[in-house]
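protein.txt (compact mmCIF, C-alpha atoms) appears below.
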```
# COMPACT_ATOMS: atom_id res chain seq x y z
CA MET A 72 59.42 -110.62 -126.42
CA THR A 73 59.69 -109.94 -122.68
CA GLN A 74 60.78 -112.92 -120.61
CA ASN A 75 58.14 -114.16 -118.21
CA PRO A 76 59.65 -113.40 -114.76
CA TYR A 77 58.33 -116.63 -113.29
CA ALA A 78 59.76 -118.68 -116.15
CA GLU A 79 63.16 -117.22 -115.28
CA ILE A 80 62.73 -118.29 -111.66
CA ILE A 81 61.79 -121.82 -112.74
CA ARG A 82 64.86 -121.85 -114.99
CA ILE A 83 67.14 -120.87 -112.09
CA LEU A 84 65.87 -123.79 -110.04
CA GLY A 85 65.58 -126.34 -112.84
CA ARG A 86 68.77 -126.09 -114.91
CA GLY A 87 70.12 -129.35 -113.62
CA PRO A 88 72.59 -130.57 -110.97
CA THR A 89 75.51 -128.39 -112.07
CA LYS A 90 73.82 -125.12 -113.08
CA SER A 91 70.76 -124.80 -110.86
CA ARG A 92 70.94 -122.78 -107.66
CA HIS A 93 68.81 -121.65 -104.75
CA LEU A 94 66.74 -118.50 -105.08
CA SER A 95 67.83 -115.30 -103.42
CA ARG A 96 65.55 -113.83 -100.79
CA GLU A 97 64.28 -111.27 -103.31
CA GLU A 98 63.67 -113.92 -105.98
CA ALA A 99 61.76 -116.08 -103.51
CA PHE A 100 59.61 -113.07 -102.58
CA THR A 101 58.86 -112.39 -106.25
CA ALA A 102 58.02 -116.03 -106.92
CA PHE A 103 55.60 -116.40 -104.03
CA ASP A 104 54.06 -113.00 -104.58
CA GLY A 105 53.16 -114.31 -108.04
CA LEU A 106 51.97 -117.61 -106.61
CA LEU A 107 49.72 -116.01 -103.99
CA THR A 108 48.23 -113.34 -106.25
CA GLY A 109 47.54 -115.73 -109.13
CA LYS A 110 49.94 -114.02 -111.54
CA MET A 111 51.90 -117.26 -111.80
CA SER A 112 50.34 -120.04 -113.89
CA ASP A 113 49.26 -123.31 -112.26
CA LEU A 114 51.95 -125.15 -114.22
CA GLN A 115 54.63 -122.78 -112.95
CA ALA A 116 53.28 -123.03 -109.39
CA GLY A 117 53.58 -126.81 -109.39
CA ALA A 118 57.06 -126.66 -110.88
CA LEU A 119 58.16 -124.06 -108.33
CA LEU A 120 56.99 -126.05 -105.32
CA LEU A 121 58.46 -129.34 -106.53
CA LEU A 122 61.82 -127.85 -107.54
CA LEU A 123 62.18 -126.11 -104.19
CA ARG A 124 61.36 -129.43 -102.53
CA TYR A 125 63.89 -131.28 -104.70
CA LEU A 126 66.69 -128.79 -103.97
CA SER A 127 65.89 -128.71 -100.21
CA GLU A 128 64.86 -125.15 -99.42
CA ASN A 129 67.28 -122.86 -97.57
CA ALA A 130 66.84 -120.04 -95.06
CA GLU A 131 67.07 -117.20 -97.61
CA GLU A 132 64.25 -118.75 -99.62
CA LEU A 133 62.21 -119.37 -96.50
CA ALA A 134 62.59 -115.76 -95.34
CA GLY A 135 61.59 -114.41 -98.76
CA ILE A 136 58.53 -116.66 -98.87
CA VAL A 137 57.38 -115.66 -95.36
CA GLU A 138 57.79 -112.00 -96.33
CA ALA A 139 55.69 -112.59 -99.46
CA ILE A 140 52.94 -114.20 -97.36
CA ARG A 141 52.95 -111.33 -94.88
CA HIS A 142 52.82 -108.80 -97.74
CA TYR A 143 49.90 -110.67 -99.30
CA MET A 144 48.03 -110.69 -96.00
CA GLY A 145 48.26 -106.92 -95.79
CA PRO A 146 50.61 -104.18 -94.63
CA LYS A 147 51.66 -104.05 -91.02
CA LYS A 148 52.64 -101.00 -89.07
CA LYS A 149 56.36 -100.57 -89.39
CA ASP A 150 58.47 -100.52 -86.25
CA MET A 151 55.57 -101.90 -84.20
CA PRO A 152 57.04 -103.42 -81.04
CA PRO A 153 56.67 -107.21 -80.66
CA GLN A 154 53.54 -108.26 -78.83
CA ASP A 155 53.83 -110.08 -75.49
CA ILE A 156 52.26 -113.21 -76.96
CA ILE A 157 53.36 -116.77 -77.71
CA ASP A 158 52.63 -117.61 -81.34
CA TRP A 159 51.88 -121.36 -81.37
CA PRO A 160 51.28 -122.71 -84.90
CA SER A 161 49.40 -126.02 -85.14
CA TYR A 162 49.45 -127.49 -88.64
CA SER A 163 49.76 -131.25 -87.99
CA SER A 164 52.52 -131.60 -90.57
CA GLY A 165 53.50 -135.15 -89.59
CA LYS A 166 51.85 -138.36 -90.70
CA SER A 167 49.73 -138.85 -87.61
CA ARG A 168 48.97 -137.61 -84.13
CA ARG A 169 46.55 -138.69 -81.45
CA LEU A 170 45.11 -136.05 -79.14
CA PRO A 171 46.55 -132.49 -79.01
CA TRP A 172 47.59 -132.48 -75.35
CA PHE A 173 49.59 -129.31 -76.08
CA LEU A 174 46.25 -127.51 -76.37
CA LEU A 175 45.78 -128.11 -72.65
CA SER A 176 49.36 -126.87 -72.05
CA ALA A 177 48.50 -123.63 -73.81
CA LYS A 178 45.26 -123.20 -71.88
CA LEU A 179 47.13 -123.87 -68.62
CA LEU A 180 49.52 -121.03 -69.44
CA THR A 181 46.70 -118.63 -70.23
CA LYS A 182 45.05 -119.41 -66.90
CA ASN A 183 48.22 -118.09 -65.30
CA GLY A 184 48.36 -114.82 -67.21
CA HIS A 185 50.41 -115.76 -70.29
CA LYS A 186 49.02 -114.88 -73.71
CA VAL A 187 48.84 -117.58 -76.40
CA PHE A 188 47.80 -117.29 -80.04
CA MET A 189 47.26 -120.54 -81.93
CA HIS A 190 46.56 -120.79 -85.62
CA GLY A 191 46.25 -123.83 -87.85
CA PHE A 192 44.18 -125.85 -90.27
CA ASN A 193 42.57 -129.26 -90.59
CA SER A 194 45.02 -131.58 -92.32
CA HIS A 195 43.12 -134.89 -92.18
CA LEU A 196 45.16 -136.72 -89.57
CA VAL A 197 45.53 -140.47 -89.88
CA ASN A 198 45.12 -141.44 -86.22
CA GLY A 199 44.13 -138.28 -84.39
CA ILE A 200 41.89 -135.24 -84.14
CA GLU A 201 42.84 -131.78 -85.41
CA THR A 202 43.40 -129.08 -82.83
CA GLU A 203 40.45 -126.95 -83.93
CA LYS A 204 38.04 -129.82 -83.39
CA CYS A 205 39.25 -130.18 -79.78
CA LEU A 206 38.69 -126.60 -78.68
CA SER A 207 35.43 -127.47 -76.93
CA ALA A 208 37.44 -129.60 -74.48
CA ILE A 209 38.77 -126.37 -72.94
CA ASP A 210 35.55 -124.40 -73.49
CA GLU A 211 36.94 -122.49 -76.44
CA MET A 212 35.77 -121.76 -79.98
CA PRO A 213 37.69 -120.62 -83.07
CA VAL A 214 37.67 -116.90 -83.77
CA LEU A 215 36.80 -115.39 -87.13
CA SER A 216 39.58 -112.89 -87.85
CA LEU A 217 42.91 -111.51 -86.75
CA ALA A 218 41.12 -108.54 -85.22
CA ALA A 219 38.89 -110.88 -83.23
CA ALA A 220 41.95 -112.88 -82.13
CA LYS A 221 43.63 -109.73 -80.84
CA GLU A 222 40.52 -108.72 -78.93
CA LYS A 223 40.02 -112.15 -77.40
CA ILE A 224 43.65 -112.46 -76.30
CA ALA A 225 43.34 -109.06 -74.63
CA GLN A 226 40.25 -110.30 -72.77
CA ASP A 227 41.21 -113.82 -71.67
CA ASN A 228 44.74 -114.53 -73.00
CA PHE A 229 43.86 -117.22 -75.59
CA ALA A 230 42.67 -117.40 -79.19
CA PHE A 231 42.65 -120.04 -81.92
CA LEU A 232 42.28 -118.77 -85.48
CA PRO A 233 41.83 -121.21 -88.38
CA LEU A 234 44.01 -120.44 -91.39
CA ARG A 235 40.93 -120.22 -93.62
CA ASN A 236 39.78 -117.22 -91.58
CA PHE A 237 42.85 -115.10 -92.22
CA CYS A 238 44.57 -116.45 -95.35
CA PRO A 239 42.39 -118.90 -97.31
CA LYS A 240 44.78 -118.82 -100.27
CA LEU A 241 47.51 -120.25 -98.08
CA GLU A 242 45.21 -123.04 -96.95
CA GLU A 243 44.46 -123.77 -100.60
CA LEU A 244 48.18 -124.04 -101.34
CA LEU A 245 48.75 -126.33 -98.37
CA GLY A 246 46.03 -128.55 -99.79
CA LEU A 247 48.15 -129.14 -102.90
CA ARG A 248 50.09 -131.72 -100.89
CA ALA A 249 47.40 -134.24 -101.78
CA GLN A 250 48.01 -133.61 -105.50
CA LEU A 251 51.80 -133.22 -105.43
CA GLY A 252 52.33 -136.21 -103.18
CA VAL A 253 54.88 -134.44 -100.98
CA ARG A 254 54.99 -131.54 -98.53
CA SER A 255 56.28 -128.20 -99.80
CA ILE A 256 58.11 -125.23 -98.34
CA ILE A 257 54.70 -123.72 -97.57
CA ASN A 258 54.35 -126.29 -94.78
CA THR A 259 57.45 -124.73 -93.20
CA ALA A 260 56.72 -121.08 -94.02
CA VAL A 261 53.22 -121.09 -92.52
CA LYS A 262 54.73 -121.71 -89.07
CA LEU A 263 56.85 -118.54 -89.24
CA ILE A 264 54.31 -116.01 -90.52
CA ASN A 265 53.49 -114.89 -86.96
CA PRO A 266 50.33 -112.96 -87.91
CA LEU A 267 50.06 -110.92 -84.69
CA GLY A 268 53.75 -110.04 -84.39
CA ALA A 269 54.25 -112.17 -81.28
CA ARG A 270 57.51 -111.87 -79.38
CA ILE A 271 57.95 -115.65 -79.21
CA ILE A 272 57.17 -118.44 -81.68
CA TYR A 273 57.00 -121.99 -80.31
CA LEU A 274 56.93 -124.47 -83.14
CA GLY A 275 57.32 -128.18 -83.72
CA ILE A 276 58.96 -129.95 -86.63
CA PHE A 277 58.78 -133.59 -87.63
CA HIS A 278 62.26 -133.98 -89.15
CA PRO A 279 65.59 -132.82 -87.63
CA ALA A 280 66.70 -131.26 -90.93
CA TYR A 281 64.15 -128.48 -90.42
CA ILE A 282 65.53 -127.36 -87.05
CA GLN A 283 68.33 -125.19 -88.37
CA LEU A 284 66.23 -124.04 -91.32
CA ASN A 285 63.62 -122.56 -88.97
CA LEU A 286 66.22 -121.03 -86.64
CA GLU A 287 68.08 -119.40 -89.52
CA GLY A 288 64.84 -118.25 -91.15
CA ALA A 289 63.67 -116.66 -87.90
CA GLU A 290 66.98 -114.86 -87.55
CA LEU A 291 66.75 -113.43 -91.07
CA LEU A 292 63.20 -112.28 -90.32
CA ASN A 293 64.36 -110.49 -87.15
CA GLN A 294 62.05 -112.58 -84.99
CA PRO A 295 62.82 -111.70 -81.33
CA ALA A 296 62.69 -115.32 -80.17
CA VAL A 297 61.77 -118.75 -81.48
CA GLY A 298 61.84 -122.21 -79.95
CA VAL A 299 61.98 -125.31 -82.15
CA LEU A 300 61.17 -128.82 -80.97
CA LYS A 301 61.05 -132.17 -82.75
CA GLY A 302 57.53 -133.03 -81.72
CA GLY A 303 54.95 -135.68 -82.50
CA GLY A 304 53.03 -134.98 -85.69
CA GLY A 305 55.22 -131.96 -86.31
CA GLU A 306 53.60 -130.12 -83.40
CA ALA A 307 55.16 -128.20 -80.52
CA GLU A 308 54.47 -130.94 -78.01
CA ARG A 309 57.00 -132.68 -75.79
CA ASN A 310 57.31 -136.46 -75.82
CA PRO A 311 57.59 -137.42 -72.13
CA HIS A 312 59.16 -140.79 -72.98
CA LYS A 313 62.28 -139.33 -74.58
CA ALA A 314 65.21 -137.15 -73.65
CA LEU A 315 65.24 -134.36 -76.20
CA LYS A 316 66.56 -130.92 -77.06
CA LEU A 317 64.82 -127.59 -77.33
CA TYR A 318 66.50 -125.29 -79.83
CA LYS A 319 66.19 -121.56 -79.31
CA PHE A 320 67.11 -118.46 -81.23
CA GLN A 321 66.82 -115.18 -79.33
CA ASN A 322 67.43 -111.97 -81.21
CA ASN A 323 67.82 -109.78 -78.15
CA ASP A 324 66.84 -109.47 -74.50
CA ILE A 325 63.09 -110.03 -74.72
CA GLY A 326 62.59 -108.35 -71.38
CA GLU A 327 60.93 -111.13 -69.44
CA ASP A 328 61.09 -111.78 -65.73
CA ILE A 329 64.13 -114.01 -65.26
CA ARG A 330 67.48 -113.87 -66.96
CA ASP A 331 70.53 -116.05 -66.43
CA GLU A 332 73.74 -114.11 -67.02
CA ASN A 333 75.50 -117.34 -67.94
CA ARG A 334 72.95 -118.26 -70.60
CA PRO A 335 74.44 -117.72 -74.09
CA GLU A 336 72.74 -115.23 -76.36
CA ASN A 337 71.30 -115.81 -79.84
CA ARG A 338 71.48 -119.62 -80.23
CA GLU A 339 71.20 -122.29 -77.58
CA GLU A 340 70.27 -125.93 -77.12
CA THR A 341 68.81 -127.15 -73.83
CA ARG A 342 68.50 -130.80 -72.87
CA TRP A 343 65.21 -132.00 -71.45
CA PRO A 344 65.23 -135.46 -69.82
CA ALA A 345 62.56 -138.11 -70.20
CA MET A 346 59.73 -137.54 -67.71
CA ILE A 347 58.12 -140.97 -67.43
CA ASP A 348 59.00 -144.60 -68.08
CA LYS A 349 58.10 -146.02 -71.49
CA THR A 350 55.79 -148.52 -69.82
CA VAL A 351 53.43 -145.60 -69.08
CA MET A 352 51.59 -145.49 -72.37
CA ASP A 353 48.91 -143.45 -74.11
CA HIS A 354 45.98 -145.84 -73.71
CA GLY A 355 43.13 -143.34 -73.57
CA PRO A 356 40.51 -143.11 -76.33
CA VAL A 357 41.10 -140.58 -79.09
CA SER A 358 38.12 -138.37 -78.40
CA VAL A 359 37.34 -134.79 -77.46
CA GLU A 360 35.44 -136.11 -74.45
CA TYR A 361 38.53 -137.86 -73.09
CA LEU A 362 40.66 -134.74 -73.60
CA LYS A 363 38.10 -132.76 -71.61
CA SER A 364 37.90 -135.37 -68.86
CA VAL A 365 41.63 -135.04 -68.24
CA TRP A 366 41.39 -131.23 -68.28
CA THR A 367 38.57 -131.17 -65.76
CA GLY A 368 40.22 -133.74 -63.49
CA GLU A 369 37.52 -136.34 -63.99
CA VAL A 370 40.18 -138.76 -65.26
CA GLU A 371 43.80 -139.08 -64.15
CA ASP A 372 46.18 -139.97 -66.96
CA GLU A 373 49.89 -140.04 -66.12
CA TYR A 374 51.01 -139.98 -69.75
CA ALA A 375 48.76 -137.06 -70.70
CA THR A 376 49.68 -135.12 -67.57
CA ALA A 377 53.39 -135.49 -68.34
CA LYS A 378 52.81 -134.17 -71.87
CA ILE A 379 50.79 -131.22 -70.63
CA ILE A 380 53.29 -130.23 -67.94
CA GLY A 381 56.36 -130.91 -70.06
CA THR A 382 55.12 -128.87 -73.00
CA ALA A 383 54.00 -125.98 -70.79
CA ALA A 384 57.43 -126.03 -69.14
CA GLN A 385 59.18 -125.52 -72.46
CA ALA A 386 56.95 -122.55 -73.27
CA LEU A 387 57.73 -121.05 -69.86
CA TYR A 388 61.44 -121.50 -70.50
CA LEU A 389 61.15 -119.76 -73.87
CA MET A 390 59.43 -116.85 -72.11
CA ASN A 391 62.36 -116.63 -69.68
CA LYS A 392 60.06 -117.42 -66.76
CA ALA A 393 62.61 -119.97 -65.54
CA VAL A 394 66.39 -120.23 -65.82
CA SER A 395 66.53 -123.99 -66.40
CA PRO A 396 64.40 -126.89 -67.63
CA GLU A 397 64.11 -128.14 -64.05
CA ALA A 398 62.83 -124.79 -62.80
CA ALA A 399 60.42 -124.55 -65.73
CA GLU A 400 59.02 -128.01 -65.02
CA SER A 401 58.57 -127.14 -61.35
CA LEU A 402 56.61 -124.01 -62.28
CA ALA A 403 54.46 -125.93 -64.78
CA GLN A 404 53.75 -128.58 -62.15
CA ASP A 405 52.61 -125.85 -59.77
CA TYR A 406 50.27 -124.51 -62.46
CA TRP A 407 48.79 -127.97 -63.05
CA ARG A 408 48.34 -128.70 -59.37
CA GLN A 409 46.58 -125.38 -58.82
CA HIS A 410 44.37 -126.05 -61.84
CA GLN A 411 43.36 -129.46 -60.50
CA GLU A 412 42.64 -128.06 -57.05
CA ASN A 413 40.37 -125.43 -58.51
```
Take the structure in the file and give it back as structure tokens.
Amino acid sequence: MTQNPYAEIIRILGRGPTKSRHLSREEAFTAFDGLLTGKMSDLQAGALLLLLRYLSENAEELAGIVEAIRHYMGPKKKDMPPQDIIDWPSYSSGKSRRLPWFLLSAKLLTKNGHKVFMHGFNSHLVNGIETEKCLSAIDEMPVLSLAAAKEKIAQDNFAFLPLRNFCPKLEELLGLRAQLGVRSIINTAVKLINPLGARIIYLGIFHPAYIQLNLEGAELLNQPAVGVLKGGGGEAERNPHKALKLYKFQNNDIGEDIRDENRPENREETRWPAMIDKTVMDHGPVSVEYLKSVWTGEVEDEYATAKIIGTAAQALYLMNKAVSPEAAESLAQDYWRQHQEN
């Protein structure tokens, strides 16, 4: 009798504390190809996700899983050059989040000629509103496909594509969190799939342990550049109350405007100081209307403004539009001031 290939993968992961091991990149690809295509049984799928969670997934597994997702989504043209786009995943992986001020950061960048592609799904936040539901605050709507996202970015630099519109199976698997009781490696992998082949990924994580995992996974996947931030709700959004670090992996010279010859290649950590005093709090109502009122200048909110500028500054730094956090913040402040004046 031929051994079920997925049973063998479960056996590798589940043989106990002394004999179990992590999956190789190829084994992880095989496992998730079976999971995505339905060749793997539901029982095996649950066991796979929980065992990977228990063993704390590694970069080889993550890379293999991302490759399986990309393969499932459809073939890409080989050797296609990276697109001059910021891939900005928004999957609300933390317990709660209030308003997505980073959405205004992204829109601010697009007003100044930078291209941003956001993708995400509704994850039933405890205290906030999902990014997709806030698009009307910046006069945007979700697009229906990857092709439509490409076209819209070419026209006006911004697109938001819900996960259900380009990989509904992946959204279904993310929904298993409610049944399993814990997040799975899919919550991490979805942020690295980079559907449009963007040159830069800007992603947030909710736990420091996932910083190196994402950096190493991006390196294995030959991603040109990725920035990782410990952000609220697991989003790429800067907390203006705290001094923090932005972690960057850069695979090569991404050819942007400004380069610092003294900046180290490949891996770097930059320190970003607190922007405002902790007494300046987020007191605004959690509503799309309030988000829009800050965007249009009807309401002045020091806390929100710091988040918008600070997050935009990090994206500018990742794009090599500034040689330091200070220079990036100055440029983002200029963008915001010009936006308010107009």
- Message: My list of candidates is A:Asn285, A:Gln226, A:Asn236, A:Ser176. Which is closest to A:Ala375 when distances are computed with all atoms listed in the file?
- Response: A:Ser176
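Proximity to A:Leu251 was assessed for A:Leu94, A:Ala384, A:Ala118, A:Met346 counting all atoms listed in the file; the smallest distance is recorded for A:Ala118.
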Please report, as JSON lines, each residue of stretch 143-219 of chain A lying at most 12 Å from stretch 256-261 of chain A, together with the nearest pair of atoms and the separation in Å rounded to one decimal; use only C-alpha atoms, and order rows by chain and ascending residue number.
```
{"residue": "A:Asp158", "atom": "CA", "partner": "A:Val261", "partner_atom": "CA", "distance": 11.7}
{"residue": "A:Trp159", "atom": "CA", "partner": "A:Val261", "partner_atom": "CA", "distance": 11.2}
{"residue": "A:Pro160", "atom": "CA", "partner": "A:Val261", "partner_atom": "CA", "distance": 8.0}
{"residue": "A:Ser161", "atom": "CA", "partner": "A:Val261", "partner_atom": "CA", "distance": 9.7}
{"residue": "A:Tyr162", "atom": "CA", "partner": "A:Asn258", "partner_atom": "CA", "distance": 7.9}
{"residue": "A:Ser163", "atom": "CA", "partner": "A:Asn258", "partner_atom": "CA", "distance": 9.6}
{"residue": "A:Ser164", "atom": "CA", "partner": "A:Asn258", "partner_atom": "CA", "distance": 7.0}
{"residue": "A:Gly165", "atom": "CA", "partner": "A:Asn258", "partner_atom": "CA", "distance": 10.3}
{"residue": "A:His190", "atom": "CA", "partner": "A:Val261", "partner_atom": "CA", "distance": 9.6}
{"residue": "A:Gly191", "atom": "CA", "partner": "A:Val261", "partner_atom": "CA", "distance": 8.8}
{"residue": "A:Phe192", "atom": "CA", "partner": "A:Val261", "partner_atom": "CA", "distance": 10.5}
{"residue": "A:Ser194", "atom": "CA", "partner": "A:Asn258", "partner_atom": "CA", "distance": 11.0}
```
Would you export the selected residues with C-alpha atoms as an mmCIF file, in the frame of the given file, please?
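result_27.cif, written as the output of this step:
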```
data_model
loop_
_atom_site.group_PDB
_atom_site.id
_atom_site.type_symbol
_atom_site.label_atom_id
_atom_site.label_comp_id
_atom_site.auth_asym_id
_atom_site.auth_seq_id
_atom_site.Cartn_x
_atom_site.Cartn_y
_atom_site.Cartn_z
ATOM 1 C CA ASP A 158 52.630 -117.610 -81.340
ATOM 2 C CA TRP A 159 51.880 -121.360 -81.370
ATOM 3 C CA PRO A 160 51.280 -122.710 -84.900
ATOM 4 C CA SER A 161 49.400 -126.020 -85.140
ATOM 5 C CA TYR A 162 49.450 -127.490 -88.640
ATOM 6 C CA SER A 163 49.760 -131.250 -87.990
ATOM 7 C CA SER A 164 52.520 -131.600 -90.570
ATOM 8 C CA GLY A 165 53.500 -135.150 -89.590
ATOM 9 C CA HIS A 190 46.560 -120.790 -85.620
ATOM 10 C CA GLY A 191 46.250 -123.830 -87.850
ATOM 11 C CA PHE A 192 44.180 -125.850 -90.270
ATOM 12 C CA SER A 194 45.020 -131.580 -92.320
#
```
- Message: For stretch 315-324 of chain A, find every residue with an atom within 6 Å (counting all atoms listed in the file), except residues of its own chain fewer than 3 positions away, and show them as a ChimeraX atom specification.
- Response: /A:295-300,337-343
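Considering only C-alpha atoms, the residue among A:Met144, A:Leu107, A:Ala403, A:Ala280 positioned nearest to A:Lys301 is A:Ala280.
Using all atoms listed in the file, the shortest contact distance between A:Arg270 and any of A:Gln154, A:Ser255, A:Thr181, A:Asn228 is found at A:Gln154.
Reported to one decimal place, the separation of atom CA of A:Trp407 from atom CA of A:Ile380 is 7.0 Å.
Atom CA of A:Ala116 to atom CA of A:Pro88 spans 20.8 Å [interatomic distance, one decimal].
With all atoms listed in the file as the basis for measurement, A:Lys223 is the residue among A:Lys223, A:Lys204, A:His93, A:Arg168 that approaches A:Phe188 most closely.
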- Enter the distance from atom CA of A:Gly288 to atom CA of A:Glu98, in Å, rounded to one decimal. 15.5 Å
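Closest approach to A:Leu196 among A:Leu362, A:Leu247, A:Val357, A:Leu387 is made by A:Val357 (distances from all atoms listed in the file).
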